[in-house]
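This report concerns only the one structure given below.
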Amino acid sequence: MQNFTFLNPVKIMFGKGVVAKLGPEAAKAGKKALFVYGGGSIKKNGVYDAITAALAKEGVAVVEHSGVKPNPVLSHVRGGIKKARESNCDLIVAVGGGSVIDEAKAIAAGAKYGGDVWDFFCGKAKIGEALPLFTALTLPATGSEMNSGCVVTNEETAQKFSAQGVPLFPRVSALDPETTLTLPRAQVANGAVDAIAHIIEGYFTTTDADAAVTDELVHALARSVIASTERILKDPSDYSARASMMWSATLALNGLATCGYGGMTFINHAIEHSLSALYDIAHGAGLAIVMPAWFKHHLETAGPARLQKFGAAVFGTKTAEETIKAFEDFFRKAGAPVRLSEAGIPAADIPRIAENAMGLIRLWGMKHEQPEIEKILEKAK
Ligand code: NZQ
Ligand code: ZN
């Protein structure tokens, strides 16, 4: 088990009706909020009304910044920064999925920075401060509600990069499982795949696999995500399954599930981000394509030990090959594509995808070259 530092200052309010509690929390940070949301799902399911009423009750004025798109783009982030500055917003309230929260984080940092916000994403500047951020999550998937990262696509350069920094941790996040009842089936699948992806990256790429507590946490989270998803697909109104899924996805990327692993990388994410950057496909769908291919590559290069251990604990499988198949079966059953062709991406594009992925691989300091990435993608045809 390797040395580690764990820091997570996010206050989580979990359960039915907690969105209204964000009002008093936000009021502690200021009087005017930039209210960031997406394409309107929160207007259909009542969360918009709940949050605006809660803020109004506490005397917090709002300036709306709506229209955040899935896979949020830099131009819209820049628009939000301009709005936050011009309106003198002293806090940000983000309501929606990972895209909304990520864009809000980028705005929070950009509003306090003299240069261009993209500097944070390409490693040119470190995030020194940010506007205080409050979130209400409506889609369990990314863990953004309880971590310090954000992902934005520069649509001019087709780069989907991330920025990180302690000031990006939300102050408070409200997680009401009832707000997820309106999720379309495809987003349930995307969220489940993403949560699985977050716990397998460290587990399978660690150079020190002797961290029993973290292994067991990963196994438990994987079992919980899989069981909750199966219940949700059977009965979308199953509150307890929604609640278990929501908390599992948060725990999957709040730092706990990698403590003690050494030398780990986020290779599946680096490859997926190029699929999203080039084809604008959902992050979870891209991961469902990349992961089975990467597992086959992992088996060839690192051997069967970790796949066997994970499979025995999570799927009840015996061999590494059976474990890979069990992952793929779960993604398929949830409704995610598991091959490039199933997402309409031609195999002829593999060199272009790999070339794009190399941008993030270099930025994240990983030791992979383009031919290896092409080899992995060949297994995803
Ligand atoms: O835009 P609206 O109308 O709100 O609709 C959204 C969107 O169309 C909809 N939705 C959200 N909650 C809903 C709902 N529809 C009905 N009922 C609800 N309760 O779902 C669609 C997808 O939303 P999005 O926020 O894009 O999904 P997700 O949460 O999966 O976020 C994906 C983004 O997060 C990044 C991804 O790369 C991608 O850009 N990630 C962020 C991470 C982080 N900050 O730590 C880590 C991840 O690995 C990931 O990279
Ligand atoms: Zn992810």
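Ligands are numbered from 1 in the order shown, chains are lettered A, B, ... in the order of the structure tokens, and residues start at 1 in each chain.
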Assign secondary structure with DSSP using the backbone only, and return the residues of region 111-170 of chain A in helix (DSSP H, G or I) as a ChimeraX atom specification. /A:118-121,144-146,166-168
Residues from the last selection, N, CA, C and O atoms, saved as a PDB file, in the first residue's frame:
```pdb
ATOM      1  N   TRP A 118      -8.790  28.450 -20.540  1.00  0.00           N
ATOM      2  CA  TRP A 118      -8.222  27.237 -21.149  1.00  0.00           C
ATOM      3  C   TRP A 118      -6.806  26.961 -20.635  1.00  0.00           C
ATOM      4  O   TRP A 118      -6.325  25.825 -20.675  1.00  0.00           O
ATOM      5  N   ASP A 119      -6.132  28.008 -20.134  1.00  0.00           N
ATOM      6  CA  ASP A 119      -4.788  27.818 -19.552  1.00  0.00           C
ATOM      7  C   ASP A 119      -4.798  26.719 -18.482  1.00  0.00           C
ATOM      8  O   ASP A 119      -3.830  25.972 -18.333  1.00  0.00           O
ATOM      9  N   PHE A 120      -5.899  26.634 -17.727  1.00  0.00           N
ATOM     10  CA  PHE A 120      -5.982  25.629 -16.656  1.00  0.00           C
ATOM     11  C   PHE A 120      -6.048  24.215 -17.231  1.00  0.00           C
ATOM     12  O   PHE A 120      -5.680  23.250 -16.583  1.00  0.00           O
ATOM     13  N   PHE A 121      -6.600  24.107 -18.445  1.00  0.00           N
ATOM     14  CA  PHE A 121      -6.829  22.786 -19.038  1.00  0.00           C
ATOM     15  C   PHE A 121      -5.605  22.270 -19.776  1.00  0.00           C
ATOM     16  O   PHE A 121      -5.428  21.069 -19.915  1.00  0.00           O
ATOM     17  N   SER A 144     -18.467  14.469 -10.044  1.00  0.00           N
ATOM     18  CA  SER A 144     -18.057  15.879 -10.036  1.00  0.00           C
ATOM     19  C   SER A 144     -18.585  16.631  -8.813  1.00  0.00           C
ATOM     20  O   SER A 144     -17.964  17.581  -8.342  1.00  0.00           O
ATOM     21  N   GLU A 145     -19.737  16.165  -8.298  1.00  0.00           N
ATOM     22  CA  GLU A 145     -20.347  16.818  -7.138  1.00  0.00           C
ATOM     23  C   GLU A 145     -19.484  16.699  -5.876  1.00  0.00           C
ATOM     24  O   GLU A 145     -19.696  17.420  -4.905  1.00  0.00           O
ATOM     25  N   MET A 146     -18.514  15.779  -5.885  1.00  0.00           N
ATOM     26  CA  MET A 146     -17.690  15.622  -4.687  1.00  0.00           C
ATOM     27  C   MET A 146     -16.212  15.486  -5.037  1.00  0.00           C
ATOM     28  O   MET A 146     -15.446  14.852  -4.311  1.00  0.00           O
ATOM     29  N   VAL A 166      -7.886  22.268  -5.803  1.00  0.00           N
ATOM     30  CA  VAL A 166      -8.652  22.251  -4.549  1.00  0.00           C
ATOM     31  C   VAL A 166      -9.768  23.310  -4.526  1.00  0.00           C
ATOM     32  O   VAL A 166     -10.873  23.041  -4.029  1.00  0.00           O
ATOM     33  N   PRO A 167      -9.550  24.526  -5.086  1.00  0.00           N
ATOM     34  CA  PRO A 167     -10.645  25.511  -5.045  1.00  0.00           C
ATOM     35  C   PRO A 167     -11.897  25.065  -5.812  1.00  0.00           C
ATOM     36  O   PRO A 167     -12.956  25.689  -5.681  1.00  0.00           O
ATOM     37  N   LEU A 168     -11.777  23.997  -6.618  1.00  0.00           N
ATOM     38  CA  LEU A 168     -12.946  23.547  -7.402  1.00  0.00           C
ATOM     39  C   LEU A 168     -13.875  22.609  -6.637  1.00  0.00           C
ATOM     40  O   LEU A 168     -14.971  22.299  -7.119  1.00  0.00           O
TER      41      LEU A 168
END
```
List every residue of chain A that has an atom at most 8 Å from any atom of ligand 1, and for each one report the closest atom pair and its distance in Å to one decimal, counting only C-alpha atoms and all ligand atoms, with rows sorted by chain and then by increasing residue number, as a tab-separated table.
```
residue	atom	partner	partner_atom_place_in_ligand_line	distance
A:Tyr37	CA	ligand 1	4 (O)	6.4
A:Gly38	CA	ligand 1	1 (O)	3.5
A:Gly39	CA	ligand 1	3 (O)	3.3
A:Gly40	CA	ligand 1	3 (O)	3.9
A:Ser41	CA	ligand 1	3 (O)	3.7
A:Ile42	CA	ligand 1	4 (O)	5.9
A:Asn45	CA	ligand 1	17 (N)	6.9
A:Gly67	CA	ligand 1	1 (O)	6.9
A:Val68	CA	ligand 1	1 (O)	6.2
A:Lys69	CA	ligand 1	1 (O)	5.8
A:Pro70	CA	ligand 1	26 (O)	3.4
A:Asn71	CA	ligand 1	39 (O)	3.6
A:Pro72	CA	ligand 1	39 (O)	5.9
A:Val95	CA	ligand 1	4 (O)	8.0
A:Gly96	CA	ligand 1	12 (N)	5.2
A:Gly97	CA	ligand 1	25 (O)	3.3
A:Gly98	CA	ligand 1	29 (O)	3.5
A:Ser99	CA	ligand 1	25 (O)	3.7
A:Val100	CA	ligand 1	25 (O)	5.6
A:Ile101	CA	ligand 1	44 (N)	7.3
A:Asp102	CA	ligand 1	44 (N)	5.4
A:Leu137	CA	ligand 1	12 (N)	7.6
A:Thr138	CA	ligand 1	19 (N)	4.3
A:Leu139	CA	ligand 1	12 (N)	4.5
A:Pro140	CA	ligand 1	29 (O)	6.4
A:Ala141	CA	ligand 1	29 (O)	5.2
A:Thr142	CA	ligand 1	47 (C)	4.4
A:Gly143	CA	ligand 1	45 (O)	5.3
A:Ser144	CA	ligand 1	44 (N)	3.9
A:Glu145	CA	ligand 1	44 (N)	7.6
A:Asn147	CA	ligand 1	45 (O)	6.1
A:Ser148	CA	ligand 1	45 (O)	7.0
A:Gly149	CA	ligand 1	44 (N)	4.7
A:Cys150	CA	ligand 1	44 (N)	3.9
A:Val151	CA	ligand 1	41 (C)	5.3
A:Val152	CA	ligand 1	39 (O)	6.4
A:Thr153	CA	ligand 1	39 (O)	7.7
A:Lys160	CA	ligand 1	37 (O)	7.8
A:Ser162	CA	ligand 1	50 (O)	7.8
A:Thr179	CA	ligand 1	19 (N)	5.1
A:Thr180	CA	ligand 1	19 (N)	4.1
A:Leu181	CA	ligand 1	19 (N)	6.3
A:Thr182	CA	ligand 1	17 (N)	4.1
A:Leu183	CA	ligand 1	17 (N)	3.8
A:Pro184	CA	ligand 1	16 (C)	5.9
A:Gln187	CA	ligand 1	20 (O)	5.9
A:Asn190	CA	ligand 1	30 (O)	6.3
A:Gly191	CA	ligand 1	30 (O)	5.6
A:Asp194	CA	ligand 1	48 (O)	6.5
A:Ala197	CA	ligand 1	48 (O)	7.8
A:His198	CA	ligand 1	48 (O)	6.7
A:Leu253	CA	ligand 1	45 (O)	6.8
A:His269	CA	ligand 1	48 (O)	6.5
A:His273	CA	ligand 1	37 (O)	6.6
A:Ser276	CA	ligand 1	37 (O)	7.6
A:Ala282	CA	ligand 1	32 (C)	6.8
A:His283	CA	ligand 1	37 (O)	5.1
A:Gly284	CA	ligand 1	30 (O)	6.5
```
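Nearest to Lys21 (chain A) of all the residues A:Val117, A:Ala241, A:Ala220, A:Val172 is A:Val172, counting only C-alpha atoms.
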Need the shell around region 230-232 of chain A: protein/DNA/RNA residues with any atom at most 9 Å away, counting only C-alpha atoms. Skip same-chain ones fewer than 3 positions apart. Format as a PyMOL selection string? chain A and resi 188+225-227+235-239+241-242+245+333-334
Please, could you write that set of residues out with N, CA and C atoms as a PDB file, in the first residue's frame?
```pdb
ATOM      1  N   VAL A 188     -29.137   6.415 -17.684  1.00  0.00           N
ATOM      2  CA  VAL A 188     -28.924   5.458 -16.590  1.00  0.00           C
ATOM      3  C   VAL A 188     -27.738   4.560 -16.950  1.00  0.00           C
ATOM      4  N   VAL A 225     -23.138  -0.742  -7.851  1.00  0.00           N
ATOM      5  CA  VAL A 225     -23.532  -0.088  -9.109  1.00  0.00           C
ATOM      6  C   VAL A 225     -24.288  -1.077  -9.997  1.00  0.00           C
ATOM      7  N   ILE A 226     -23.756  -2.294 -10.096  1.00  0.00           N
ATOM      8  CA  ILE A 226     -24.375  -3.282 -10.986  1.00  0.00           C
ATOM      9  C   ILE A 226     -25.767  -3.679 -10.474  1.00  0.00           C
ATOM     10  N   ALA A 227     -25.844  -3.967  -9.167  1.00  0.00           N
ATOM     11  CA  ALA A 227     -27.144  -4.380  -8.609  1.00  0.00           C
ATOM     12  C   ALA A 227     -28.162  -3.242  -8.686  1.00  0.00           C
ATOM     13  N   ASP A 235     -37.306  -1.533 -12.621  1.00  0.00           N
ATOM     14  CA  ASP A 235     -38.346  -0.665 -12.061  1.00  0.00           C
ATOM     15  C   ASP A 235     -37.780   0.744 -11.860  1.00  0.00           C
ATOM     16  N   PRO A 236     -37.958   1.618 -12.855  1.00  0.00           N
ATOM     17  CA  PRO A 236     -37.367   2.965 -12.772  1.00  0.00           C
ATOM     18  C   PRO A 236     -37.845   3.779 -11.567  1.00  0.00           C
ATOM     19  N   SER A 237     -38.944   3.351 -10.910  1.00  0.00           N
ATOM     20  CA  SER A 237     -39.433   4.122  -9.759  1.00  0.00           C
ATOM     21  C   SER A 237     -38.875   3.610  -8.426  1.00  0.00           C
ATOM     22  N   ASP A 238     -37.926   2.686  -8.469  1.00  0.00           N
ATOM     23  CA  ASP A 238     -37.358   2.071  -7.263  1.00  0.00           C
ATOM     24  C   ASP A 238     -36.444   3.079  -6.544  1.00  0.00           C
ATOM     25  N   TYR A 239     -36.968   3.728  -5.529  1.00  0.00           N
ATOM     26  CA  TYR A 239     -36.229   4.803  -4.847  1.00  0.00           C
ATOM     27  C   TYR A 239     -34.914   4.305  -4.235  1.00  0.00           C
ATOM     28  N   ALA A 241     -33.025   1.846  -4.997  1.00  0.00           N
ATOM     29  CA  ALA A 241     -32.004   1.561  -6.019  1.00  0.00           C
ATOM     30  C   ALA A 241     -31.427   2.868  -6.556  1.00  0.00           C
ATOM     31  N   ARG A 242     -32.287   3.851  -6.778  1.00  0.00           N
ATOM     32  CA  ARG A 242     -31.801   5.171  -7.240  1.00  0.00           C
ATOM     33  C   ARG A 242     -30.851   5.770  -6.204  1.00  0.00           C
ATOM     34  N   MET A 245     -27.530   3.895  -6.145  1.00  0.00           N
ATOM     35  CA  MET A 245     -26.752   4.246  -7.344  1.00  0.00           C
ATOM     36  C   MET A 245     -26.129   5.632  -7.190  1.00  0.00           C
ATOM     37  N   LYS A 333     -26.254  -5.097 -21.491  1.00  0.00           N
ATOM     38  CA  LYS A 333     -27.563  -5.237 -20.846  1.00  0.00           C
ATOM     39  C   LYS A 333     -28.109  -3.858 -20.436  1.00  0.00           C
ATOM     40  N   ALA A 334     -27.191  -2.988 -19.995  1.00  0.00           N
ATOM     41  CA  ALA A 334     -27.627  -1.637 -19.598  1.00  0.00           C
ATOM     42  C   ALA A 334     -28.045  -0.819 -20.824  1.00  0.00           C
TER      43      ALA A 334
END
```
List every residue of region 11-166 of chain A that DSSP, applied to the backbone of this structure, places in strand (DSSP E), and write the result as a VMD selection string. chain A and resid 11 to 14 32 to 37 61 to 65 91 to 96 133 to 137 149 to 154 159 to 164
Pick from A:Ala257, A:Val93, A:Ala104, A:Leu7: nearest to Gly80 (chain A), with only C-alpha atoms counted? A:Ala104
Nearest residue to ligand 2 out of A:Ile200, A:Ala195, A:Ala293, A:Leu360, using only C-alpha atoms and all ligand atoms?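 Among the listed residues, A:Ala195 lies closest to ligand 2.
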Measuring between only C-alpha atoms and all ligand atoms, which one of A:Val60, A:Ala285, A:Ile92, A:Ile12 shows the shortest distance to ligand 2? A:Ala285
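Picture a line from CA of Ala130 (chain A) to CA of Leu91 (chain A); it runs 9.1 Å.
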